[in-house]
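Below is the file protein.cif, which contains mmCIF, C-alpha atoms.
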data_structure
#
loop_
_atom_site.label_atom_id
_atom_site.label_comp_id
_atom_site.auth_asym_id
_atom_site.auth_seq_id
_atom_site.Cartn_x
_atom_site.Cartn_y
_atom_site.Cartn_z
CA MET A 1 93.80 132.11 59.12
CA THR A 2 94.56 134.49 61.98
CA ALA A 3 97.64 133.42 63.93
CA LYS A 4 97.00 132.21 67.47
CA LYS A 5 97.94 134.73 70.15
CA ALA A 6 99.77 133.45 73.21
CA HIS A 7 98.53 133.65 76.78
CA LEU A 8 101.19 134.18 79.46
CA LEU A 9 101.27 133.43 83.17
CA GLY A 10 104.04 133.86 85.73
CA PHE A 11 104.67 130.68 87.74
CA VAL A 12 105.85 131.32 91.31
CA GLN A 13 105.47 130.21 94.90
CA HIS A 14 104.84 132.35 97.95
CA GLY A 15 108.28 131.57 99.30
CA VAL A 16 111.97 132.26 99.25
CA ASN A 17 112.50 129.95 96.26
CA SER A 18 110.13 128.74 93.56
CA HIS A 19 110.73 125.95 91.04
CA ALA A 20 114.34 126.53 90.01
CA THR A 21 116.21 125.09 92.97
CA GLY A 22 118.93 127.24 94.49
CA MET A 23 117.83 130.54 92.97
CA TRP A 24 117.91 132.25 96.36
CA ARG A 25 121.72 132.05 95.95
CA HIS A 26 121.72 133.87 92.62
CA PRO A 27 123.38 137.32 92.77
CA LYS A 28 120.36 138.88 91.01
CA ASP A 29 117.64 137.18 93.09
CA LYS A 30 115.40 139.51 95.12
CA VAL A 31 118.03 142.22 95.42
CA GLY A 32 116.41 144.85 97.62
CA TRP A 33 113.24 142.77 97.98
CA ASN A 34 111.81 140.58 100.74
CA PHE A 35 109.40 137.91 99.53
CA ALA A 36 107.53 138.08 102.85
CA ARG A 37 106.60 141.73 102.37
CA PRO A 38 103.75 143.18 100.27
CA GLU A 39 106.03 145.48 98.26
CA TYR A 40 107.73 142.56 96.52
CA TRP A 41 104.42 141.07 95.38
CA GLN A 42 103.08 144.44 94.30
CA HIS A 43 106.15 144.95 92.11
CA MET A 44 105.93 141.43 90.66
CA ALA A 45 102.23 141.97 89.91
CA ARG A 46 102.77 145.31 88.21
CA THR A 47 105.59 143.85 86.13
CA MET A 48 103.36 141.03 84.89
CA GLU A 49 100.48 143.40 84.20
CA ARG A 50 102.86 145.68 82.27
CA GLY A 51 103.57 142.56 80.19
CA LEU A 52 99.81 141.92 79.78
CA PHE A 53 100.00 138.51 81.48
CA ASP A 54 96.72 136.76 82.20
CA ALA A 55 97.70 135.92 85.76
CA MET A 56 100.28 135.21 88.36
CA PHE A 57 99.99 131.50 89.09
CA ILE A 58 100.93 130.53 92.64
CA ALA A 59 101.91 126.92 93.24
CA ASP A 60 101.92 125.41 96.71
CA GLU A 61 103.12 122.56 98.90
CA LEU A 62 101.59 122.07 102.34
CA ALA A 63 104.69 120.85 104.19
CA PRO A 64 108.45 120.44 103.60
CA TYR A 65 109.29 117.39 101.48
CA ASN A 66 110.37 114.47 103.69
CA THR A 67 110.51 111.49 101.31
CA HIS A 68 114.29 111.59 100.80
CA ALA A 69 115.89 109.50 103.60
CA ASP A 70 112.58 109.86 105.49
CA SER A 71 113.57 113.38 106.51
CA SER A 72 112.98 116.99 105.57
CA ASP A 73 116.52 117.97 106.60
CA LEU A 74 117.78 118.55 103.05
CA THR A 75 114.59 120.40 102.11
CA VAL A 76 115.19 122.86 104.92
CA LYS A 77 118.97 122.96 104.48
CA PHE A 78 118.89 123.89 100.79
CA ALA A 79 115.65 125.94 100.73
CA VAL A 80 113.89 123.44 98.46
CA GLN A 81 110.62 125.35 98.19
CA CYS A 82 111.05 126.08 101.89
CA PRO A 83 110.00 128.25 103.61
CA THR A 84 106.73 128.64 101.72
CA HIS A 85 103.80 130.76 102.89
CA GLU A 86 100.10 130.10 102.27
CA PRO A 87 99.24 131.14 98.68
CA SER A 88 95.82 132.76 98.96
CA THR A 89 97.02 135.33 101.50
CA ILE A 90 98.78 137.37 98.80
CA ALA A 91 95.92 137.31 96.28
CA PRO A 92 94.38 140.59 97.54
CA ILE A 93 97.82 142.24 97.55
CA ILE A 94 98.40 141.25 93.92
CA THR A 95 94.97 142.26 92.65
CA GLY A 96 94.97 145.40 94.79
CA ALA A 97 98.12 146.56 93.01
CA THR A 98 96.73 145.91 89.51
CA LYS A 99 93.59 146.41 87.43
CA HIS A 100 93.64 143.41 85.11
CA LEU A 101 96.08 140.75 86.33
CA GLY A 102 94.47 137.58 87.63
CA VAL A 103 95.72 135.28 90.38
CA GLY A 104 95.70 131.50 90.22
CA VAL A 105 95.89 130.00 93.71
CA THR A 106 96.77 126.37 94.34
CA LEU A 107 94.55 125.07 97.13
CA SER A 108 94.39 121.45 98.21
CA THR A 109 91.11 119.63 98.73
CA ALA A 110 92.73 117.03 100.97
CA PHE A 111 92.33 118.69 104.34
CA GLU A 112 89.65 121.38 103.86
CA HIS A 113 85.88 120.90 103.63
CA PRO A 114 84.24 122.05 100.37
CA TYR A 115 82.01 124.46 102.28
CA SER A 116 84.92 126.57 103.54
CA MET A 117 86.79 126.24 100.22
CA ALA A 118 83.83 127.57 98.24
CA ARG A 119 83.41 130.44 100.70
CA ARG A 120 87.09 131.43 100.58
CA LEU A 121 87.24 131.39 96.79
CA SER A 122 84.03 133.40 96.42
CA SER A 123 85.37 135.95 98.90
CA LEU A 124 88.64 136.29 96.96
CA ASP A 125 86.75 136.64 93.69
CA HIS A 126 84.74 139.53 95.19
CA LEU A 127 87.84 141.27 96.52
CA SER A 128 89.62 140.96 93.17
CA GLY A 129 86.70 142.08 91.03
CA GLY A 130 86.53 138.68 89.34
CA ARG A 131 90.19 137.81 88.84
CA ILE A 132 90.64 134.56 90.77
CA ALA A 133 91.43 131.07 89.49
CA TRP A 134 91.62 127.88 91.55
CA ASN A 135 94.29 125.32 90.74
CA ILE A 136 92.58 122.18 92.05
CA VAL A 137 94.91 119.68 93.73
CA SER A 138 94.34 116.79 96.08
CA SER A 139 97.81 116.51 97.72
CA TYR A 140 100.29 114.03 96.32
CA SER A 141 103.16 114.32 98.78
CA LYS A 142 103.86 112.09 101.78
CA SER A 143 105.01 115.11 103.74
CA GLU A 144 101.61 116.77 103.44
CA TRP A 145 99.76 113.77 104.83
CA ASP A 146 102.34 113.34 107.59
CA ALA A 147 101.98 117.00 108.60
CA TYR A 148 98.21 116.67 108.90
CA GLY A 149 98.43 113.37 110.75
CA ALA A 150 96.49 111.49 108.09
CA GLU A 151 97.08 108.29 106.18
CA MET A 152 97.69 108.94 102.50
CA SER A 153 94.88 107.61 100.33
CA ASP A 154 95.42 105.86 97.01
CA ARG A 155 95.14 107.80 93.76
CA GLY A 156 91.83 106.24 92.66
CA HIS A 157 90.21 106.98 96.00
CA ARG A 158 91.41 110.59 95.82
CA TYR A 159 89.75 111.15 92.44
CA GLU A 160 86.43 109.70 93.63
CA ARG A 161 86.55 112.04 96.60
CA LEU A 162 87.58 114.93 94.36
CA GLU A 163 84.55 114.45 92.10
CA GLU A 164 82.21 114.72 95.06
CA TYR A 165 84.18 117.71 96.35
CA MET A 166 83.58 119.57 93.10
CA ASP A 167 79.91 118.58 93.04
CA LEU A 168 79.34 120.21 96.43
CA CYS A 169 81.29 123.34 95.45
CA TYR A 170 79.18 123.71 92.29
CA LYS A 171 75.98 123.37 94.34
CA LEU A 172 77.11 126.13 96.68
CA TRP A 173 78.29 128.51 93.95
CA THR A 174 74.98 128.22 92.07
CA SER A 175 72.66 128.29 95.08
CA TRP A 176 71.88 132.02 94.94
CA GLU A 177 69.44 133.04 92.22
CA PRO A 178 70.40 136.18 90.23
CA ASP A 179 67.64 138.33 91.77
CA ALA A 180 67.90 136.98 95.31
CA ILE A 181 69.19 140.26 96.76
CA ILE A 182 66.41 142.82 97.20
CA ALA A 183 68.13 145.29 99.58
CA ASP A 184 64.90 147.18 100.32
CA LYS A 185 65.73 149.54 103.18
CA GLU A 186 62.11 150.51 103.76
CA SER A 187 60.90 146.95 104.35
CA GLY A 188 64.17 145.81 105.88
CA ILE A 189 64.39 142.84 103.54
CA TYR A 190 67.87 142.28 102.19
CA ALA A 191 67.50 138.92 100.43
CA ASP A 192 64.66 136.55 99.57
CA PRO A 193 65.30 133.25 101.38
CA GLU A 194 63.25 131.45 98.73
CA LYS A 195 65.96 132.39 96.24
CA VAL A 196 68.97 131.59 98.43
CA HIS A 197 68.75 127.84 98.40
CA GLU A 198 69.89 125.67 101.25
CA VAL A 199 72.31 123.05 99.99
CA ILE A 200 71.73 119.63 101.51
CA HIS A 201 74.43 117.18 100.55
CA ASP A 202 74.85 113.67 101.93
CA GLY A 203 77.54 111.74 100.08
CA PRO A 204 80.08 109.03 100.82
CA PHE A 205 82.82 111.58 101.57
CA PHE A 206 81.08 114.80 102.57
CA LYS A 207 77.96 115.97 104.39
CA SER A 208 76.72 119.53 104.42
CA ARG A 209 73.56 121.44 105.17
CA GLY A 210 73.75 125.18 104.73
CA ARG A 211 73.40 128.15 102.47
CA HIS A 212 76.45 129.48 100.69
CA PHE A 213 77.60 132.28 102.97
CA VAL A 214 78.73 134.53 100.10
CA ALA A 215 76.52 136.18 97.49
CA PRO A 216 77.49 135.43 93.86
CA SER A 217 80.91 136.86 93.00
CA PRO A 218 81.75 138.65 89.73
CA GLN A 219 82.74 135.39 87.98
CA GLY A 220 80.11 133.27 89.75
CA GLN A 221 82.84 130.79 90.52
CA PRO A 222 86.62 130.99 90.13
CA VAL A 223 88.26 129.99 86.87
CA LEU A 224 88.95 126.28 87.32
CA TRP A 225 92.49 125.19 86.62
CA GLN A 226 93.94 121.70 86.52
CA ALA A 227 97.27 119.98 85.87
CA GLY A 228 96.08 116.42 85.39
CA SER A 229 98.53 114.17 83.55
CA SER A 230 97.65 110.60 84.59
CA GLU A 231 94.72 108.82 82.95
CA ARG A 232 92.36 109.76 85.77
CA GLY A 233 93.89 113.22 85.96
CA ARG A 234 93.36 113.91 82.26
CA ASP A 235 89.73 112.87 82.50
CA PHE A 236 89.20 115.09 85.54
CA ALA A 237 90.83 118.02 83.74
CA ALA A 238 88.81 117.45 80.56
CA LYS A 239 85.59 117.36 82.59
CA HIS A 240 86.10 120.33 84.91
CA ALA A 241 88.93 122.61 83.81
CA GLU A 242 88.77 125.85 81.87
CA ALA A 243 92.55 125.84 81.51
CA ILE A 244 95.10 123.07 81.90
CA PHE A 245 98.76 123.36 82.86
CA ALA A 246 101.13 120.71 81.52
CA VAL A 247 104.87 120.12 81.58
CA LEU A 248 105.90 118.58 78.26
CA PRO A 249 109.58 118.46 77.28
CA THR A 250 109.25 118.14 73.48
CA VAL A 251 107.02 119.35 70.66
CA ALA A 252 106.03 115.76 69.93
CA ARG A 253 104.82 115.29 73.53
CA MET A 254 102.95 118.60 73.37
CA ARG A 255 101.21 117.56 70.16
CA GLU A 256 100.27 114.17 71.62
CA TYR A 257 98.93 115.74 74.82
CA SER A 258 96.92 118.39 72.95
CA ALA A 259 95.30 115.79 70.71
CA ASP A 260 94.47 113.53 73.65
CA LEU A 261 92.91 116.29 75.76
CA ASN A 262 90.80 117.57 72.88
CA ARG A 263 89.64 114.03 72.13
CA ARG A 264 88.56 113.57 75.75
CA LEU A 265 86.79 116.92 75.74
CA VAL A 266 84.67 115.98 72.75
CA GLU A 267 84.18 112.23 73.07
CA ARG A 268 83.87 111.78 76.84
CA PHE A 269 82.43 115.04 78.09
CA GLY A 270 80.69 116.66 75.14
CA ARG A 271 82.70 119.86 75.31
CA PRO A 272 83.84 121.67 72.14
CA LYS A 273 87.32 121.06 70.83
CA GLY A 274 89.63 123.87 71.89
CA SER A 275 87.26 125.08 74.62
CA VAL A 276 89.90 124.52 77.30
CA LYS A 277 93.12 126.54 77.15
CA LEU A 278 96.27 124.41 77.10
CA ILE A 279 99.05 126.22 78.91
CA PHE A 280 102.48 124.58 78.71
CA GLY A 281 105.36 125.27 81.05
CA VAL A 282 108.59 126.82 79.77
CA GLN A 283 111.69 128.30 81.32
CA THR A 284 113.26 131.20 79.47
CA VAL A 285 116.67 132.81 79.76
CA VAL A 286 116.80 135.82 77.47
CA ALA A 287 119.46 138.39 76.63
CA GLU A 288 120.45 140.67 73.78
CA THR A 289 122.94 138.08 72.49
CA ARG A 290 123.07 134.30 72.56
CA GLU A 291 126.43 134.37 74.30
CA GLU A 292 125.07 136.54 77.09
CA ALA A 293 121.99 134.32 77.43
CA GLN A 294 124.13 131.18 77.67
CA ALA A 295 126.31 132.77 80.34
CA LYS A 296 123.14 133.62 82.30
CA TYR A 297 121.92 130.05 82.00
CA ASP A 298 125.25 128.62 83.13
CA ARG A 299 125.06 130.86 86.21
CA ILE A 300 121.56 129.61 86.98
CA LYS A 301 122.63 125.96 86.75
CA ALA A 302 125.62 126.62 89.00
CA CYS A 303 123.24 127.54 91.83
CA ILE A 304 121.63 124.08 91.96
CA PRO A 305 122.61 122.01 95.05
CA PRO A 306 122.74 118.31 93.99
CA GLU A 307 121.49 117.04 97.37
CA GLY A 308 118.65 119.53 97.35
CA ALA A 309 117.77 118.46 93.81
CA LEU A 310 117.46 114.83 94.93
CA ALA A 311 115.32 115.83 97.93
CA TRP A 312 112.91 117.72 95.65
CA MET A 313 112.70 114.94 93.10
CA SER A 314 112.07 112.41 95.89
CA GLY A 315 109.28 114.58 97.28
CA HIS A 316 107.53 115.09 93.95
CA PHE A 317 107.76 111.49 92.80
CA GLY A 318 107.10 109.85 96.15
CA LEU A 319 110.24 107.70 96.03
CA ASP A 320 113.30 107.85 98.26
CA PHE A 321 116.11 108.29 95.76
CA SER A 322 118.71 108.13 98.55
CA LYS A 323 118.36 104.35 98.27
CA TYR A 324 119.33 104.26 94.59
CA ASP A 325 122.59 104.34 92.68
CA LEU A 326 122.77 107.77 91.04
CA ASN A 327 124.07 106.11 87.86
CA GLU A 328 120.96 103.93 87.51
CA HIS A 329 118.68 104.88 84.63
CA ILE A 330 115.51 106.55 85.81
CA GLN A 331 113.58 104.93 82.95
CA ASP A 332 113.89 101.62 84.86
CA ILE A 333 112.00 102.93 87.89
CA GLU A 334 108.29 103.27 88.64
CA VAL A 335 107.17 106.13 90.87
CA PRO A 336 103.93 106.64 92.84
CA GLY A 337 104.02 110.46 92.66
CA ILE A 338 103.18 113.00 89.96
CA GLN A 339 103.04 110.98 86.75
CA GLY A 340 103.02 113.83 84.24
CA LEU A 341 106.09 115.46 85.74
CA PHE A 342 107.89 112.13 85.86
CA GLU A 343 107.25 111.76 82.14
CA SER A 344 108.93 115.13 81.63
CA ILE A 345 112.12 113.49 82.90
CA LEU A 346 111.62 110.29 80.93
CA TYR A 347 111.40 112.27 77.69
CA ALA A 348 113.84 115.03 78.61
CA ARG A 349 116.28 113.73 76.01
CA ASP A 350 113.75 112.45 73.48
CA GLY A 351 113.63 109.05 75.17
CA GLU A 352 117.39 108.60 75.53
CA PRO A 353 118.43 107.13 78.91
CA VAL A 354 118.80 109.56 81.83
CA THR A 355 120.52 108.62 85.08
CA ILE A 356 119.00 109.44 88.45
CA GLY A 357 121.76 111.95 89.11
CA GLU A 358 121.20 113.65 85.76
CA ALA A 359 117.43 113.59 86.23
CA ALA A 360 117.70 115.37 89.58
CA ILE A 361 119.64 118.26 88.05
CA ILE A 362 117.30 118.48 85.03
CA TYR A 363 114.30 118.48 87.33
CA ALA A 364 115.81 121.03 89.70
CA GLN A 365 116.33 123.48 86.82
CA GLY A 366 112.59 123.74 86.28
CA MET A 367 110.61 120.51 86.61
CA GLY A 368 111.72 119.20 83.21
CA MET A 369 110.14 122.04 81.26
CA PRO A 370 111.64 123.06 77.92
CA VAL A 371 114.43 125.57 78.56
CA LEU A 372 114.65 128.34 75.98
CA VAL A 373 117.98 130.17 76.02
CA GLY A 374 118.73 132.95 73.55
CA THR A 375 117.74 136.30 72.12
CA PRO A 376 114.18 137.65 72.10
CA GLN A 377 113.90 136.44 68.50
CA ASP A 378 115.13 132.95 69.47
CA ILE A 379 112.61 132.71 72.31
CA ALA A 380 109.73 133.95 70.14
CA ASP A 381 110.64 131.48 67.39
CA LYS A 382 110.37 128.57 69.83
CA LEU A 383 107.13 129.76 71.38
CA GLU A 384 105.57 130.01 67.92
CA VAL A 385 106.57 126.41 67.20
CA PHE A 386 105.04 125.28 70.50
CA MET A 387 101.78 127.01 69.56
CA ASP A 388 101.61 126.08 65.90
CA ASP A 389 103.01 122.54 66.05
CA GLY A 390 102.53 121.60 69.70
CA GLY A 391 99.00 122.90 70.25
CA ALA A 392 99.86 125.31 73.06
CA ASP A 393 97.46 128.17 73.74
CA GLY A 394 99.92 129.83 76.06
CA PHE A 395 102.79 129.43 78.46
CA MET A 396 103.47 129.20 82.17
CA LEU A 397 106.78 131.01 82.63
CA ILE A 398 108.66 129.38 85.47
CA ALA A 399 110.60 131.74 87.71
CA THR A 400 114.37 131.68 87.96
CA TYR A 401 115.80 134.73 89.76
CA THR A 402 113.07 137.21 90.64
CA PRO A 403 111.85 139.75 89.80
CA GLY A 404 114.51 139.97 87.10
CA CYS A 405 113.45 136.98 85.00
CA PHE A 406 109.97 138.46 84.52
CA GLU A 407 111.25 142.00 83.97
CA GLU A 408 113.57 140.72 81.22
CA PHE A 409 110.82 138.71 79.53
CA VAL A 410 108.43 141.65 79.60
CA ASP A 411 111.04 144.10 78.29
CA LEU A 412 112.55 141.85 75.61
CA VAL A 413 110.26 139.00 74.53
CA VAL A 414 106.80 140.56 74.84
CA PRO A 415 107.55 143.33 72.29
CA GLU A 416 108.91 140.73 69.87
CA LEU A 417 105.75 138.61 70.16
CA GLN A 418 103.60 141.72 69.68
CA ARG A 419 105.61 142.72 66.60
CA ARG A 420 104.80 139.31 65.11
CA GLY A 421 101.11 139.62 65.94
CA ARG A 422 101.33 136.70 68.38
CA TYR A 423 100.45 138.54 71.57
CA ARG A 424 97.82 141.00 72.77
CA THR A 425 98.51 144.73 72.93
CA GLU A 426 95.83 145.38 75.56
CA TYR A 427 93.48 143.50 77.86
CA SER A 428 90.09 142.83 76.30
CA GLY A 429 88.07 141.77 79.33
CA ALA A 430 87.28 142.82 82.87
CA THR A 431 87.57 139.38 84.51
CA LEU A 432 90.25 136.71 84.41
CA ARG A 433 87.88 134.33 82.64
CA GLU A 434 87.22 136.88 79.88
CA ASN A 435 90.93 137.51 79.32
CA LEU A 436 92.04 133.89 79.60
CA LEU A 437 89.42 132.50 77.25
CA ALA A 438 89.90 135.23 74.64
CA ASN A 439 91.40 134.08 71.35
#
Please, can you express the file's structure as structure tokens?
Amino acid sequence: MTAKKAHLLGFVQHGVNSHATGMWRHPKDKVGWNFARPEYWQHMARTMERGLFDAMFIADELAPYNTHADSSDLTVKFAVQCPTHEPSTIAPIITGATKHLGVGVTLSTAFEHPYSMARRLSSLDHLSGGRIAWNIVSSYSKSEWDAYGAEMSDRGHRYERLEEYMDLCYKLWTSWEPDAIIADKESGIYADPEKVHEVIHDGPFFKSRGRHFVAPSPQGQPVLWQAGSSERGRDFAAKHAEAIFAVLPTVARMREYSADLNRRLVERFGRPKGSVKLIFGVQTVVAETREEAQAKYDRIKACIPPEGALAWMSGHFGLDFSKYDLNEHIQDIEVPGIQGLFESILYARDGEPVTIGEAAIIYAQGMGMPVLVGTPQDIADKLEVFMDDGGADGFMLIATYTPGCFEEFVDLVVPELQRRGRYRTEYSGATLRENLLAN
């Protein structure tokens, strides 16, 4: 049997700091670069394309976290994913600097009508030549709802609304027939209105009457990405997604998740087993020797501000941890926020108890993802285990100090994976969908 080849994505935010809290303090972070300027993103994109990554995956948060002590003070003070710029604005810069690299943009459905969302994503897909993915989220954070002056809806209500949201987007994306554009200069007819269908939608959450304002883009619709981990979230992902991002701290949890998602694909939604790519998050710290890699990792951990770590964990899990004893076990607490990421903390030590204080530091290192520290051979060994035993189709590489963490991975780990026959040596497709879904 041919060995599975890994897919790789770079996981970042359009901000001063991504998912490893405190990295803006690191002596190697953004030296000579300004995250708010195009040159930084062009360099990051070219680095990832040199490493034959499928895409740069851009996470987002719509407002500074304010759950901890009912304030965003610590979020601002310690640069906890703050400041963060709007993600889709850099998509044309990234794809304009590359020929193959895709861009996954996280865009929330909570405060934008499906009509404008479908139009924006189709426009980006045109500009990129078919290299756009949409990470579908519905906004989980109190701070986001506060910023938009809205009352936060319950999880079940959000998924009902999300289903209708997707239904309207699908109607818009498929409303132009393939031969609708005539472009006959002599007659003056550009498109046949009989083949550009007006979408009339009247549902419990959305109303719309209008034609999709964008002709079909190279992919028809963006690659659909999801990170569902709750029961409802896994069903939504199994129904709609072409690729799924999950944070799973152990091989056993990876294997369980892979089996569950494939079962849902087949039994609930009639989709073939393995038809959705399972991309698992990892953090890597690589060097020529294990001693050097460990020293690098210790330096990364030293940058984490404990108060900032608690503010981030409070924001993600929707619980004010300032009210808790830091020595209390986090396993004894229920949270209303992101369930899958909370499980990454619960199982961070194979089910052994973790205190709130310890959990905050673990989470601040990289959202509870497996941390791989070692030589290129060590890193490749672990990634092979995650693919062969855990069911991973690929990996979301979480940023530490940038652009160095991606440069080091591309220069050291990618050649090792290629030597083992576990990674592509060239792009095979023209669109993101073609490259991502390739075996």
> Can you list what the PyMOL selection byres ((chain A and resi 250-252) around 10) grabs from this structure, as an NGL selection string?
Replying inline: :A and (247-249 or 253-258 or 344 or 347-350 or 369-370 or 382 or 385-392)
> What's the 12 Å shell around Val266 of chain A, counting all atoms listed in the file, without same-chain residues fewer than 6 positions away, as a ChimeraX atom specification?
Replying inline: /A:235,238-239,259-260,272-276
>> So the first atom is atom CA of Gly32 of chain A and the second is atom CA of Glu292 of chain A; what is the distance between them in Å, to one decimal place?
In response: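 Taking atom CA of Gly32 of chain A and atom CA of Glu292 of chain A, their separation equals 23.8 Å.
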Which neighbours of Pro305 of chain A fall inside 12 Å, counting all atoms listed in the file, when residues of the same chain fewer than 5 positions from it are skipped, and could you give them as a compact mmCIF listing (two decimals) with C-alpha atoms, keeping the file's coordinate frame?
# COMPACT_ATOMS: atom_id res chain seq x y z
CA ALA A 20 114.34 126.53 90.01
CA THR A 21 116.21 125.09 92.97
CA GLY A 22 118.93 127.24 94.49
CA MET A 23 117.83 130.54 92.97
CA TRP A 24 117.91 132.25 96.36
CA ARG A 25 121.72 132.05 95.95
CA LEU A 74 117.78 118.55 103.05
CA THR A 75 114.59 120.40 102.11
CA LYS A 77 118.97 122.96 104.48
CA PHE A 78 118.89 123.89 100.79
CA ALA A 79 115.65 125.94 100.73
CA VAL A 80 113.89 123.44 98.46
CA ILE A 300 121.56 129.61 86.98
CA LEU A 310 117.46 114.83 94.93
CA ALA A 311 115.32 115.83 97.93
CA TRP A 312 112.91 117.72 95.65
CA GLY A 357 121.76 111.95 89.11
CA ALA A 360 117.70 115.37 89.58
CA ILE A 361 119.64 118.26 88.05
CA ILE A 362 117.30 118.48 85.03
CA TYR A 363 114.30 118.48 87.33
CA ALA A 364 115.81 121.03 89.70
CA GLN A 365 116.33 123.48 86.82
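The space between atom CA of Thr284 of chain A and atom CA of Leu372 of chain A spans 4.7 Å.
The gap separating atom CA of Gly394 of chain A from atom CA of His85 of chain A is 27.1 Å, in Å to one decimal.
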> Taking only C-alpha atoms into account, which of A:Arg290, A:Lys301, A:His100, A:Arg119 comes nearest Pro376 of chain A?
Replying inline: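 Smallest separation from Pro376 of chain A among the options: A:Arg290.
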> When distances are computed from only C-alpha atoms, which of A:Asp325, A:Tyr148, A:Thr106, A:Asp154 shows the smallest separation from Gln226 of chain A?
Replying inline: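 The closest residue to Gln226 of chain A is A:Thr106.
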>> My list of candidates is A:Ala55, A:Ile94, A:Ala237, A:Met117. Which is closest to Arg37 of chain A when distances are computed with all atoms listed in the file?
In response: A:Ile94
